[in-house]
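Novice: Pasting my_file15.pdb below, which is PDB, C-alpha atoms.
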```pdb
MODEL        1
ATOM      1  CA  MET A 166     240.812 189.941 -34.891  1.00  0.00           C
ATOM      2  CA  GLN A 167     244.190 191.616 -35.118  1.00  0.00           C
ATOM      3  CA  GLU A 168     247.321 189.464 -35.076  1.00  0.00           C
ATOM      4  CA  ARG A 169     250.034 190.586 -32.716  1.00  0.00           C
ATOM      5  CA  ILE A 170     253.501 190.973 -34.234  1.00  0.00           C
ATOM      6  CA  VAL A 171     256.233 189.332 -32.178  1.00  0.00           C
ATOM      7  CA  LYS A 172     259.091 191.768 -31.640  1.00  0.00           C
ATOM      8  CA  SER A 173     262.779 191.016 -32.094  1.00  0.00           C
ATOM      9  CA  GLU A 174     263.361 191.743 -28.396  1.00  0.00           C
ATOM     10  CA  GLU A 175     260.821 189.083 -27.421  1.00  0.00           C
ATOM     11  CA  MET A 176     262.392 186.487 -29.707  1.00  0.00           C
ATOM     12  CA  GLY A 177     265.803 187.422 -28.345  1.00  0.00           C
ATOM     13  CA  LEU A 178     264.662 186.892 -24.786  1.00  0.00           C
ATOM     14  CA  LEU A 179     263.293 183.463 -25.706  1.00  0.00           C
ATOM     15  CA  ILE A 180     266.648 182.579 -27.257  1.00  0.00           C
ATOM     16  CA  ARG A 181     268.570 183.825 -24.216  1.00  0.00           C
ATOM     17  CA  ASN A 182     266.331 181.987 -21.723  1.00  0.00           C
ATOM     18  CA  ARG A 183     266.493 178.705 -23.633  1.00  0.00           C
ATOM     19  CA  ARG A 184     270.250 179.004 -24.258  1.00  0.00           C
ATOM     20  CA  LYS A 185     270.867 179.554 -20.545  1.00  0.00           C
ATOM     21  CA  ALA A 186     268.482 176.726 -19.598  1.00  0.00           C
ATOM     22  CA  LEU A 187     270.585 174.406 -21.756  1.00  0.00           C
ATOM     23  CA  GLY A 188     273.807 175.737 -20.230  1.00  0.00           C
ATOM     24  CA  LEU A 189     275.161 177.080 -23.516  1.00  0.00           C
ATOM     25  CA  SER A 190     277.309 180.193 -23.811  1.00  0.00           C
ATOM     26  CA  GLN A 191     276.728 182.680 -26.604  1.00  0.00           C
ATOM     27  CA  GLU A 192     279.946 181.429 -28.184  1.00  0.00           C
ATOM     28  CA  GLU A 193     278.768 177.804 -28.132  1.00  0.00           C
ATOM     29  CA  LEU A 194     275.401 178.701 -29.633  1.00  0.00           C
ATOM     30  CA  ALA A 195     277.089 180.806 -32.311  1.00  0.00           C
ATOM     31  CA  GLU A 196     279.435 177.978 -33.252  1.00  0.00           C
ATOM     32  CA  LYS A 197     276.596 175.459 -33.546  1.00  0.00           C
ATOM     33  CA  VAL A 198     274.494 177.862 -35.651  1.00  0.00           C
ATOM     34  CA  GLY A 199     277.393 179.021 -37.815  1.00  0.00           C
ATOM     35  CA  ILE A 200     277.337 182.703 -36.907  1.00  0.00           C
ATOM     36  CA  SER A 201     279.496 184.978 -34.755  1.00  0.00           C
ATOM     37  CA  TYR A 202     278.849 185.324 -31.034  1.00  0.00           C
ATOM     38  CA  GLN A 203     278.362 189.060 -31.661  1.00  0.00           C
ATOM     39  CA  GLN A 204     275.454 188.151 -33.925  1.00  0.00           C
ATOM     40  CA  VAL A 205     273.964 186.021 -31.133  1.00  0.00           C
ATOM     41  CA  GLN A 206     274.311 189.053 -28.833  1.00  0.00           C
ATOM     42  CA  ARG A 207     272.488 191.246 -31.351  1.00  0.00           C
ATOM     43  CA  TYR A 208     269.697 188.672 -31.717  1.00  0.00           C
ATOM     44  CA  GLU A 209     269.319 188.285 -27.948  1.00  0.00           C
ATOM     45  CA  ASN A 210     269.256 192.046 -27.416  1.00  0.00           C
ATOM     46  CA  GLY A 211     266.741 192.524 -30.217  1.00  0.00           C
ATOM     47  CA  GLY A 212     269.159 194.754 -32.111  1.00  0.00           C
ATOM     48  CA  THR A 213     269.006 192.634 -35.255  1.00  0.00           C
ATOM     49  CA  MET A 214     266.032 190.917 -36.839  1.00  0.00           C
ATOM     50  CA  LEU A 215     266.365 187.177 -37.259  1.00  0.00           C
ATOM     51  CA  ASN A 216     266.181 185.863 -40.795  1.00  0.00           C
ATOM     52  CA  VAL A 217     264.246 182.653 -41.410  1.00  0.00           C
ATOM     53  CA  GLU A 218     267.315 180.509 -42.000  1.00  0.00           C
ATOM     54  CA  ASN A 219     269.038 181.528 -38.767  1.00  0.00           C
ATOM     55  CA  LEU A 220     265.776 181.257 -36.841  1.00  0.00           C
ATOM     56  CA  GLN A 221     265.423 177.655 -38.022  1.00  0.00           C
ATOM     57  CA  ARG A 222     269.046 176.868 -37.133  1.00  0.00           C
ATOM     58  CA  ILE A 223     268.749 178.413 -33.677  1.00  0.00           C
ATOM     59  CA  ALA A 224     265.496 176.563 -32.990  1.00  0.00           C
ATOM     60  CA  GLN A 225     267.125 173.296 -34.015  1.00  0.00           C
ATOM     61  CA  VAL A 226     270.197 173.840 -31.827  1.00  0.00           C
ATOM     62  CA  LEU A 227     267.988 174.847 -28.877  1.00  0.00           C
ATOM     63  CA  PHE A 228     265.697 171.829 -29.400  1.00  0.00           C
ATOM     64  CA  MET A 229     262.545 173.884 -29.746  1.00  0.00           C
ATOM     65  CA  PRO A 230     259.936 174.216 -32.482  1.00  0.00           C
ATOM     66  CA  VAL A 231     260.235 177.330 -34.644  1.00  0.00           C
ATOM     67  CA  ALA A 232     256.556 178.012 -33.896  1.00  0.00           C
ATOM     68  CA  THR A 233     257.511 178.766 -30.275  1.00  0.00           C
ATOM     69  CA  PHE A 234     258.946 182.083 -31.445  1.00  0.00           C
ATOM     70  CA  PHE A 235     255.562 183.146 -32.793  1.00  0.00           C
ATOM     71  CA  GLU A 236     253.305 182.034 -29.944  1.00  0.00           C
ATOM     72  CA  THR A 237     252.042 185.180 -28.285  1.00  0.00           C
ATOM     73  CA  ASP A 238     250.380 183.593 -25.249  1.00  0.00           C
ATOM     74  CA  HIS A 239     253.691 183.085 -23.428  1.00  0.00           C
ATOM     75  CA  LEU A 240     254.920 186.583 -24.280  1.00  0.00           C
ATOM     76  CA  GLN A 241     252.766 188.107 -21.537  1.00  0.00           C
ATOM     77  CA  HIS A 242     255.125 186.409 -19.081  1.00  0.00           C
ATOM     78  CA  ILE A 243     258.310 187.053 -20.989  1.00  0.00           C
ATOM     79  CA  ALA A 244     260.232 188.019 -17.839  1.00  0.00           C
ATOM     80  CA  GLU A 245     259.673 184.504 -16.513  1.00  0.00           C
ATOM     81  CA  PRO A 246     261.896 181.708 -17.822  1.00  0.00           C
ATOM     82  CA  ALA A 247     260.519 180.192 -21.001  1.00  0.00           C
ATOM     83  CA  THR A 248     258.844 176.827 -20.723  1.00  0.00           C
ATOM     84  CA  THR A 249     261.465 174.290 -21.546  1.00  0.00           C
ATOM     85  CA  TYR A 250     260.776 172.192 -24.606  1.00  0.00           C
ATOM     86  CA  ILE A 251     262.306 168.740 -24.556  1.00  0.00           C
ATOM     87  CA  SER A 252     262.431 166.206 -27.332  1.00  0.00           C
ATOM     88  CA  SER A 253     260.643 162.867 -27.062  1.00  0.00           C
ATOM     89  CA  GLU A 254     264.034 161.185 -26.512  1.00  0.00           C
ATOM     90  CA  GLU A 255     264.797 163.491 -23.583  1.00  0.00           C
ATOM     91  CA  ARG A 256     261.303 162.961 -22.196  1.00  0.00           C
ATOM     92  CA  ASN A 257     261.708 159.145 -22.399  1.00  0.00           C
ATOM     93  CA  LEU A 258     265.123 159.319 -20.737  1.00  0.00           C
ATOM     94  CA  LEU A 259     263.777 161.475 -17.914  1.00  0.00           C
ATOM     95  CA  LYS A 260     260.723 159.217 -17.473  1.00  0.00           C
ATOM     96  CA  SER A 261     262.949 156.135 -17.292  1.00  0.00           C
ATOM     97  CA  PHE A 262     265.321 157.850 -14.849  1.00  0.00           C
ATOM     98  CA  ARG A 263     262.450 158.836 -12.582  1.00  0.00           C
ATOM     99  CA  ALA A 264     261.199 155.233 -12.642  1.00  0.00           C
ATOM    100  CA  LEU A 265     264.456 154.030 -11.042  1.00  0.00           C
ATOM    101  CA  SER A 266     263.559 153.367  -7.413  1.00  0.00           C
ATOM    102  CA  GLU A 267     267.028 152.600  -6.063  1.00  0.00           C
ATOM    103  CA  GLU A 268     269.389 155.488  -5.370  1.00  0.00           C
ATOM    104  CA  GLY A 269     272.336 153.343  -6.488  1.00  0.00           C
ATOM    105  CA  ASP A 270     270.672 152.738  -9.857  1.00  0.00           C
ATOM    106  CA  ARG A 271     270.094 156.467 -10.330  1.00  0.00           C
ATOM    107  CA  LYS A 272     273.747 157.219  -9.526  1.00  0.00           C
ATOM    108  CA  MET A 273     274.873 154.517 -11.952  1.00  0.00           C
ATOM    109  CA  ALA A 274     272.653 155.950 -14.708  1.00  0.00           C
ATOM    110  CA  ILE A 275     274.181 159.394 -14.176  1.00  0.00           C
ATOM    111  CA  GLN A 276     277.704 157.946 -14.319  1.00  0.00           C
ATOM    112  CA  ILE A 277     276.938 156.123 -17.563  1.00  0.00           C
ATOM    113  CA  VAL A 278     275.594 159.270 -19.215  1.00  0.00           C
ATOM    114  CA  ARG A 279     278.577 161.324 -18.045  1.00  0.00           C
ATOM    115  CA  ARG A 280     280.985 158.737 -19.489  1.00  0.00           C
ATOM    116  CA  LEU A 281     279.158 158.777 -22.818  1.00  0.00           C
ATOM    117  CA  VAL A 282     279.374 162.570 -22.934  1.00  0.00           C
ATOM    118  CA  ARG A 283     283.148 162.491 -22.365  1.00  0.00           C
ATOM    119  CA  ARG A 284     283.762 160.232 -25.369  1.00  0.00           C
TER
ENDMDL
END
```
Before anything else, please render the file you have as structure tokens.
Specialist:
Amino acid sequence: MQERIVKSEEMGLLIRNRRKALGLSQEELAEKVGISYQQVQRYENGGTMLNVENLQRIAQVLFMPVATFFETDHLQHIAEPATTYISSEERNLLKSFRALSEEGDRKMAIQIVRRLVRR
């Protein structure tokens, strides 16, 4: 069985899709990773190969396992948005939010989170 090599363009598209899903600009991602936004552009366009260190940093900032970049089963559908990976904390928060039956409680939960973000 021959292993398929994941191309830089495919990794770049995964980065772009996840970055956009999280609402991050290239500049914000670059700042969090510790690289220039031009470097993020080159990664997303597939113009530059990712080194292991930056791949790990980007995966961490985008809250996704590094292994996601090497899974070839999702690459057949690369034009579709990447499946969003969420942490267990995010999953628990979403599950708890969905369990709120009263609309007023849901609105209050959103207000609380927004206030915490503004701190």
Novice: For Phe234 in chain A, please output as a list in words all residues within 9 Å (counting only C-alpha atoms; exclusion window: fewer than 3 positions along the same chain).
Specialist: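 Once the nearby chain positions are removed, what remains is Val171, Glu175, Met176, Leu179, Ile180, Leu220, Ala224, Pro230, Val231 and Thr237 of chain A.
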Novice: Considering all atoms listed in the file, return as a PyMOL selection string whatever protein or nucleic-acid residues lie within 9 Å of range 189-199 of chain A, sequence-local ones (same chain, fewer than 5 positions apart) excluded.
Specialist: chain A and resi 181+183-184+204-206+219+222-223+225-227
Novice: Find the spatial neighbours of range 255-260 of chain A, counting all atoms listed in the file, within a cut-off of 12 Å - ignore same-chain residues fewer than 3 positions away - and output them as an mmCIF file with C-alpha atoms, in the frame of the given file.
Specialist:
```
data_model
loop_
_atom_site.group_PDB
_atom_site.id
_atom_site.type_symbol
_atom_site.label_atom_id
_atom_site.label_comp_id
_atom_site.auth_asym_id
_atom_site.auth_seq_id
_atom_site.Cartn_x
_atom_site.Cartn_y
_atom_site.Cartn_z
ATOM 1 C CA PHE A 228 265.697 171.829 -29.400
ATOM 2 C CA THR A 249 261.465 174.290 -21.546
ATOM 3 C CA TYR A 250 260.776 172.192 -24.606
ATOM 4 C CA ILE A 251 262.306 168.740 -24.556
ATOM 5 C CA SER A 252 262.431 166.206 -27.332
ATOM 6 C CA ARG A 263 262.450 158.836 -12.582
ATOM 7 C CA ALA A 264 261.199 155.233 -12.642
ATOM 8 C CA LEU A 265 264.456 154.030 -11.042
ATOM 9 C CA SER A 266 263.559 153.367 -7.413
ATOM 10 C CA ARG A 271 270.094 156.467 -10.330
ATOM 11 C CA ALA A 274 272.653 155.950 -14.708
ATOM 12 C CA ILE A 275 274.181 159.394 -14.176
ATOM 13 C CA VAL A 278 275.594 159.270 -19.215
#
```
Novice: Between CA of Leu281 in chain A and CA of Tyr202 in chain A, what is the distance, to one decimal in Å?
Specialist: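 Value for the CA of Leu281 in chain A-CA of Tyr202 in chain A distance: 27.8 Å.
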Novice: Rebuild N, CA and C atoms on range 217-230 of chain A, as a tab-separated table (two decimals), in the coordinates of the input?
Specialist:
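As a result, out-v5.tsv now contains:
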```tsv
chain	number	residue	atom	x	y	z
A	217	VAL	N	264.90	183.96	-41.53
A	217	VAL	CA	264.25	182.65	-41.41
A	217	VAL	C	265.26	181.53	-41.27
A	218	GLU	N	266.31	181.57	-42.04
A	218	GLU	CA	267.32	180.51	-42.00
A	218	GLU	C	267.97	180.41	-40.63
A	219	ASN	N	268.40	181.55	-40.08
A	219	ASN	CA	269.04	181.53	-38.77
A	219	ASN	C	268.04	181.19	-37.66
A	220	LEU	N	266.80	181.61	-37.82
A	220	LEU	CA	265.78	181.26	-36.84
A	220	LEU	C	265.59	179.74	-36.80
A	221	GLN	N	265.56	179.11	-37.96
A	221	GLN	CA	265.42	177.66	-38.02
A	221	GLN	C	266.64	176.97	-37.39
A	222	ARG	N	267.82	177.46	-37.69
A	222	ARG	CA	269.05	176.87	-37.13
A	222	ARG	C	269.08	177.00	-35.62
A	223	ILE	N	268.74	178.18	-35.13
A	223	ILE	CA	268.75	178.41	-33.68
A	223	ILE	C	267.72	177.52	-33.00
A	224	ALA	N	266.53	177.43	-33.57
A	224	ALA	CA	265.50	176.56	-32.99
A	224	ALA	C	265.97	175.12	-32.93
A	225	GLN	N	266.63	174.68	-33.97
A	225	GLN	CA	267.12	173.30	-34.02
A	225	GLN	C	268.19	173.06	-32.94
A	226	VAL	N	269.13	173.98	-32.82
A	226	VAL	CA	270.20	173.84	-31.83
A	226	VAL	C	269.63	173.89	-30.41
A	227	LEU	N	268.59	174.70	-30.20
A	227	LEU	CA	267.99	174.85	-28.88
A	227	LEU	C	266.88	173.83	-28.60
A	228	PHE	N	266.70	172.89	-29.54
A	228	PHE	CA	265.70	171.83	-29.40
A	228	PHE	C	264.31	172.38	-29.10
A	229	MET	N	263.88	173.32	-29.92
A	229	MET	CA	262.54	173.88	-29.75
A	229	MET	C	261.91	174.12	-31.11
A	230	PRO	N	260.59	173.98	-31.21
A	230	PRO	CA	259.94	174.22	-32.48
A	230	PRO	C	260.03	175.69	-32.88
```
